[in-house]
>>> print(open('my_file_32.cif').read())   # mmCIF, C-alpha atoms, pLDDT in the B column; chains and numbers go by the auth columns
data_work
loop_
_atom_site.group_PDB
_atom_site.id
_atom_site.type_symbol
_atom_site.label_atom_id
_atom_site.label_comp_id
_atom_site.label_asym_id
_atom_site.label_seq_id
_atom_site.Cartn_x
_atom_site.Cartn_y
_atom_site.Cartn_z
_atom_site.B_iso_or_equiv
_atom_site.auth_seq_id
_atom_site.auth_asym_id
ATOM 1 C CA MET A 1 -157.987 -159.184 109.606 61.00 234 A
ATOM 2 C CA THR A 2 -156.421 -161.019 112.502 77.00 235 A
ATOM 3 C CA GLU A 3 -157.992 -159.224 115.443 90.00 236 A
ATOM 4 C CA ASP A 4 -161.411 -159.737 116.953 91.00 237 A
ATOM 5 C CA ILE A 5 -163.803 -156.854 116.431 91.00 238 A
ATOM 6 C CA ILE A 6 -165.458 -155.577 119.572 92.00 239 A
ATOM 7 C CA LEU A 7 -168.706 -153.647 119.235 90.00 240 A
ATOM 8 C CA THR A 8 -169.664 -151.399 122.102 93.00 241 A
ATOM 9 C CA ILE A 9 -173.318 -150.973 122.986 91.00 242 A
ATOM 10 C CA PRO A 10 -173.809 -148.106 125.428 93.00 243 A
ATOM 11 C CA SER A 11 -175.205 -149.374 128.721 90.00 244 A
ATOM 12 C CA SER A 12 -177.886 -146.682 128.591 93.00 245 A
ATOM 13 C CA LEU A 13 -179.138 -148.127 125.295 93.00 246 A
ATOM 14 C CA ALA A 14 -178.925 -151.687 126.607 89.00 247 A
ATOM 15 C CA ARG A 15 -181.075 -150.714 129.586 89.00 248 A
ATOM 16 C CA GLU A 16 -183.680 -149.211 127.243 93.00 249 A
ATOM 17 C CA MET A 17 -183.948 -152.322 125.062 92.00 250 A
ATOM 18 C CA LYS A 18 -187.142 -154.286 125.364 92.00 251 A
ATOM 19 C CA LEU A 19 -185.200 -157.452 126.102 91.00 252 A
ATOM 20 C CA PRO A 20 -184.428 -159.332 129.285 92.00 253 A
ATOM 21 C CA PRO A 21 -180.993 -158.119 130.426 89.00 254 A
ATOM 22 C CA ASP A 22 -179.565 -161.637 130.443 91.00 255 A
ATOM 23 C CA SER A 23 -180.464 -162.212 126.773 93.00 256 A
ATOM 24 C CA ILE A 24 -179.240 -158.965 125.188 94.00 257 A
ATOM 25 C CA ARG A 25 -175.877 -160.339 124.024 94.00 258 A
ATOM 26 C CA GLU A 26 -177.427 -163.414 122.403 95.00 259 A
ATOM 27 C CA GLU A 27 -180.192 -161.391 120.765 95.00 260 A
ATOM 28 C CA LEU A 28 -177.764 -158.860 119.297 95.00 261 A
ATOM 29 C CA LEU A 29 -175.444 -161.574 117.973 96.00 262 A
ATOM 30 C CA SER A 30 -178.422 -163.321 116.395 96.00 263 A
ATOM 31 C CA GLU A 31 -179.724 -160.093 114.852 96.00 264 A
ATOM 32 C CA LEU A 32 -176.325 -159.289 113.364 97.00 265 A
ATOM 33 C CA ALA A 33 -175.877 -162.798 112.003 97.00 266 A
ATOM 34 C CA VAL A 34 -179.348 -162.898 110.424 97.00 267 A
ATOM 35 C CA SER A 35 -178.932 -159.482 108.847 97.00 268 A
ATOM 36 C CA LEU A 36 -175.514 -160.238 107.369 96.00 269 A
ATOM 37 C CA TYR A 37 -176.710 -163.625 106.114 94.00 270 A
ATOM 38 C CA GLN A 38 -179.868 -162.164 104.569 95.00 271 A
ATOM 39 C CA ARG A 39 -177.753 -159.582 102.712 95.00 272 A
ATOM 40 C CA GLY A 40 -175.447 -162.305 101.402 90.00 273 A
ATOM 41 C CA ILE A 41 -172.423 -160.943 103.263 91.00 274 A
ATOM 42 C CA ILE A 42 -171.774 -164.145 105.226 88.00 275 A
ATOM 43 C CA THR A 43 -172.612 -167.805 104.693 87.00 276 A
ATOM 44 C CA SER A 44 -174.954 -169.804 106.880 88.00 277 A
ATOM 45 C CA ALA A 45 -171.960 -171.537 108.495 87.00 278 A
ATOM 46 C CA GLN A 46 -170.446 -168.149 109.326 91.00 279 A
ATOM 47 C CA ALA A 47 -173.804 -166.915 110.615 93.00 280 A
ATOM 48 C CA CYS A 48 -174.056 -169.949 112.879 92.00 281 A
ATOM 49 C CA ARG A 49 -170.616 -169.237 114.321 93.00 282 A
ATOM 50 C CA LEU A 50 -171.423 -165.553 114.810 95.00 283 A
ATOM 51 C CA SER A 51 -174.788 -166.200 116.427 96.00 284 A
ATOM 52 C CA GLU A 52 -173.419 -169.108 118.470 96.00 285 A
ATOM 53 C CA LEU A 53 -176.376 -171.211 117.294 95.00 286 A
ATOM 54 C CA GLU A 54 -176.416 -174.730 115.937 93.00 287 A
ATOM 55 C CA ARG A 55 -177.343 -174.945 112.251 88.00 288 A
ATOM 56 C CA TYR A 56 -180.877 -176.198 112.910 90.00 289 A
ATOM 57 C CA GLN A 57 -181.419 -173.391 115.445 95.00 290 A
ATOM 58 C CA PHE A 58 -180.246 -170.748 112.972 93.00 291 A
ATOM 59 C CA GLU A 59 -182.433 -172.188 110.217 92.00 292 A
ATOM 60 C CA GLU A 60 -185.389 -172.098 112.609 96.00 293 A
ATOM 61 C CA VAL A 61 -184.757 -168.384 113.209 96.00 294 A
ATOM 62 C CA LEU A 62 -184.724 -167.831 109.432 96.00 295 A
ATOM 63 C CA TRP A 63 -187.916 -169.870 108.997 96.00 296 A
ATOM 64 C CA LYS A 64 -189.755 -167.917 111.715 97.00 297 A
ATOM 65 C CA ARG A 65 -188.800 -164.662 109.990 96.00 298 A
ATOM 66 C CA HIS A 66 -189.698 -165.938 106.511 96.00 299 A
ATOM 67 C CA ILE A 67 -186.110 -165.462 105.330 95.00 300 A
ATOM 68 C CA PRO A 68 -185.182 -167.865 102.540 91.00 301 A
ATOM 69 C CA THR A 69 -182.016 -169.899 102.858 88.00 302 A
ATOM 70 C CA HIS A 70 -179.354 -169.468 100.217 83.00 303 A
ATOM 71 C CA TYR A 71 -179.399 -172.921 98.669 76.00 304 A
ATOM 72 C CA SER A 72 -178.493 -173.244 95.004 75.00 305 A
ATOM 73 C CA GLU A 73 -178.966 -176.098 92.552 80.00 306 A
ATOM 74 C CA GLU A 74 -175.224 -176.697 92.864 79.00 307 A
ATOM 75 C CA ASP A 75 -175.647 -177.104 96.638 72.00 308 A
ATOM 76 C CA LEU A 76 -178.456 -179.591 96.023 78.00 309 A
ATOM 77 C CA ASP A 77 -176.368 -181.560 93.531 82.00 310 A
ATOM 78 C CA THR A 78 -173.486 -181.707 96.023 77.00 311 A
ATOM 79 C CA ASP A 79 -175.817 -182.873 98.790 77.00 312 A
ATOM 80 C CA ILE A 80 -177.330 -185.563 96.550 84.00 313 A
ATOM 81 C CA ARG A 81 -173.883 -186.815 95.501 83.00 314 A
ATOM 82 C CA TYR A 82 -172.811 -186.882 99.142 78.00 315 A
ATOM 83 C CA ALA A 83 -175.974 -188.693 100.273 85.00 316 A
ATOM 84 C CA THR A 84 -175.623 -191.317 97.553 89.00 317 A
ATOM 85 C CA GLY A 85 -171.877 -191.806 98.088 86.00 318 A
ATOM 86 C CA ASN A 86 -170.930 -190.374 94.701 80.00 319 A
ATOM 87 C CA LEU A 87 -168.474 -187.706 95.802 68.00 320 A
#
>>> encode(input="my_file_32.cif", output="structure tokens")
Amino acid sequence: MTEDIILTIPSSLAREMKLPPDSIREELLSELAVSLYQRGIITSAQACRLSELERYQFEEVLWKRHIPTHYSEEDLDTDIRYATGNL
């Protein structure tokens, strides 16, 4: 897919949301990113890009919602090799 996908939220629905009007876009992007990440559809890096959050900010959102990060033993081994200069 080479085109951006544009989702349309009806203004009537946006007005009814229990969110400050100036934070609706950010909240919806975050909700979409968290949901897709939790379902294993996108990676944490992709979720960060979608939500427009830094990695630590996205991980904080996951932590507050008690959503586990997808971090395998292979990821840990890679991180250890990187940290010790054994890549």
>>> resolve_selection(input="my_file_32.cif", expression="the PyMOL selection byres ((chain A and resi 253-268) around 6)", output="tab-separated table (two decimals) with C-alpha atoms, in the frame of the given file")
chain	number	residue	atom	x	y	z
A	252	LEU	CA	-185.20	-157.45	126.10
A	269	LEU	CA	-175.51	-160.24	107.37
A	270	TYR	CA	-176.71	-163.62	106.11
A	271	GLN	CA	-179.87	-162.16	104.57
A	280	ALA	CA	-173.80	-166.92	110.62
A	283	LEU	CA	-171.42	-165.55	114.81
A	284	SER	CA	-174.79	-166.20	116.43
>>> atom_distance(input="my_file_32.cif", atom1="atom CA of Ile275 of chain A", atom2="atom CA of Met250 of chain A")
26.1 Å
>>> atom_distance(input="my_file_32.cif", atom1="atom CA of Thr302 of chain A", atom2="atom CA of Thr276 of chain A")
9.8 Å
>>> atom_distance(input="my_file_32.cif", atom1="atom CA of Ala316 of chain A", atom2="atom CA of Glu287 of chain A")
21.0 Å
>>> closest_residue(input="my_file_32.cif", among="A:Thr235, A:Thr311, A:Ser277, A:Thr241", to="Leu295 of chain A", atoms="all atoms listed in the file")
A:Ser277
>>> decode(input="my_file_32.cif", residues="segment 251-290 of chain A", atoms="N, CA and C atoms", output="tab-separated table (two decimals), in the first residue's frame")
chain	number	residue	atom	x	y	z
A	251	LYS	N	-16.13	12.22	25.33
A	251	LYS	CA	-15.80	12.79	26.63
A	251	LYS	C	-14.30	13.08	26.69
A	252	LEU	N	-13.87	13.88	25.72
A	252	LEU	CA	-12.46	14.28	25.62
A	252	LEU	C	-12.39	15.75	25.31
A	253	PRO	N	-11.35	16.41	25.78
A	253	PRO	CA	-11.17	17.82	25.38
A	253	PRO	C	-11.01	17.88	23.86
A	254	PRO	N	-11.68	18.80	23.20
A	254	PRO	CA	-11.63	18.87	21.74
A	254	PRO	C	-10.22	18.93	21.17
A	255	ASP	N	-9.30	19.56	21.87
A	255	ASP	CA	-7.95	19.69	21.33
A	255	ASP	C	-7.09	18.44	21.53
A	256	SER	N	-7.64	17.40	22.17
A	256	SER	CA	-6.86	16.17	22.37
A	256	SER	C	-7.47	14.96	21.67
A	257	ILE	N	-8.56	15.15	20.94
A	257	ILE	CA	-9.25	14.02	20.31
A	257	ILE	C	-8.34	13.28	19.34
A	258	ARG	N	-7.66	13.99	18.45
A	258	ARG	CA	-6.80	13.35	17.46
A	258	ARG	C	-5.74	12.48	18.13
A	259	GLU	N	-5.05	13.04	19.11
A	259	GLU	CA	-3.99	12.32	19.80
A	259	GLU	C	-4.53	11.10	20.53
A	260	GLU	N	-5.67	11.27	21.17
A	260	GLU	CA	-6.28	10.15	21.91
A	260	GLU	C	-6.67	9.01	20.97
A	261	LEU	N	-7.26	9.35	19.84
A	261	LEU	CA	-7.69	8.32	18.89
A	261	LEU	C	-6.49	7.61	18.26
A	262	LEU	N	-5.44	8.35	17.94
A	262	LEU	CA	-4.23	7.72	17.41
A	262	LEU	C	-3.62	6.78	18.44
A	263	SER	N	-3.60	7.21	19.69
A	263	SER	CA	-3.05	6.38	20.76
A	263	SER	C	-3.90	5.12	20.95
A	264	GLU	N	-5.21	5.28	20.96
A	264	GLU	CA	-6.10	4.13	21.13
A	264	GLU	C	-5.92	3.11	20.02
A	265	LEU	N	-5.82	3.59	18.79
A	265	LEU	CA	-5.63	2.70	17.65
A	265	LEU	C	-4.29	1.98	17.76
A	266	ALA	N	-3.25	2.71	18.07
A	266	ALA	CA	-1.92	2.12	18.19
A	266	ALA	C	-1.87	1.06	19.29
A	267	VAL	N	-2.42	1.36	20.44
A	267	VAL	CA	-2.42	0.41	21.56
A	267	VAL	C	-3.21	-0.85	21.19
A	268	SER	N	-4.35	-0.67	20.60
A	268	SER	CA	-5.18	-1.82	20.23
A	268	SER	C	-4.49	-2.72	19.21
A	269	LEU	N	-3.92	-2.12	18.18
A	269	LEU	CA	-3.24	-2.92	17.16
A	269	LEU	C	-2.00	-3.60	17.72
A	270	TYR	N	-1.28	-2.91	18.60
A	270	TYR	CA	-0.11	-3.51	19.24
A	270	TYR	C	-0.52	-4.67	20.13
A	271	GLN	N	-1.54	-4.46	20.95
A	271	GLN	CA	-2.00	-5.49	21.88
A	271	GLN	C	-2.43	-6.75	21.14
A	272	ARG	N	-3.00	-6.59	19.96
A	272	ARG	CA	-3.46	-7.73	19.15
A	272	ARG	C	-2.34	-8.35	18.34
A	273	GLY	N	-1.14	-7.76	18.40
A	273	GLY	CA	0.00	-8.32	17.68
A	273	GLY	C	0.01	-7.99	16.20
A	274	ILE	N	-0.76	-6.99	15.80
A	274	ILE	CA	-0.87	-6.62	14.39
A	274	ILE	C	0.29	-5.71	13.99
A	275	ILE	N	0.76	-4.88	14.92
A	275	ILE	CA	1.90	-4.00	14.64
A	275	ILE	C	2.92	-4.14	15.76
A	276	THR	N	4.15	-3.77	15.46
A	276	THR	CA	5.22	-3.81	16.45
A	276	THR	C	5.17	-2.57	17.34
A	277	SER	N	5.97	-2.57	18.37
A	277	SER	CA	6.00	-1.39	19.24
A	277	SER	C	6.56	-0.18	18.49
A	278	ALA	N	7.54	-0.41	17.61
A	278	ALA	CA	8.09	0.71	16.83
A	278	ALA	C	7.01	1.29	15.91
A	279	GLN	N	6.22	0.43	15.30
A	279	GLN	CA	5.14	0.91	14.44
A	279	GLN	C	4.07	1.62	15.27
A	280	ALA	N	3.79	1.10	16.45
A	280	ALA	CA	2.80	1.73	17.33
A	280	ALA	C	3.27	3.11	17.77
A	281	CYS	N	4.56	3.24	18.01
A	281	CYS	CA	5.10	4.55	18.39
A	281	CYS	C	4.92	5.54	17.25
A	282	ARG	N	5.21	5.11	16.03
A	282	ARG	CA	5.04	6.00	14.88
A	282	ARG	C	3.58	6.38	14.70
A	283	LEU	N	2.69	5.40	14.82
A	283	LEU	CA	1.26	5.67	14.64
A	283	LEU	C	0.73	6.62	15.71
A	284	SER	N	1.12	6.39	16.94
A	284	SER	CA	0.62	7.20	18.05
A	284	SER	C	1.34	8.54	18.18
A	285	GLU	N	2.45	8.67	17.45
A	285	GLU	CA	3.28	9.87	17.52
A	285	GLU	C	3.84	10.09	18.93
A	286	LEU	N	4.13	8.96	19.61
A	286	LEU	CA	4.71	9.00	20.95
A	286	LEU	C	6.13	8.47	20.89
A	287	GLU	N	6.97	8.96	21.78
A	287	GLU	CA	8.30	8.40	21.95
A	287	GLU	C	8.14	7.02	22.57
A	288	ARG	N	9.15	6.17	22.42
A	288	ARG	CA	9.04	4.79	22.92
A	288	ARG	C	8.70	4.74	24.41
A	289	TYR	N	9.39	5.55	25.22
A	289	TYR	CA	9.13	5.51	26.66
A	289	TYR	C	7.70	5.96	26.97
A	290	GLN	N	7.17	6.91	26.19
A	290	GLN	CA	5.80	7.37	26.40
A	290	GLN	C	4.81	6.26	26.06
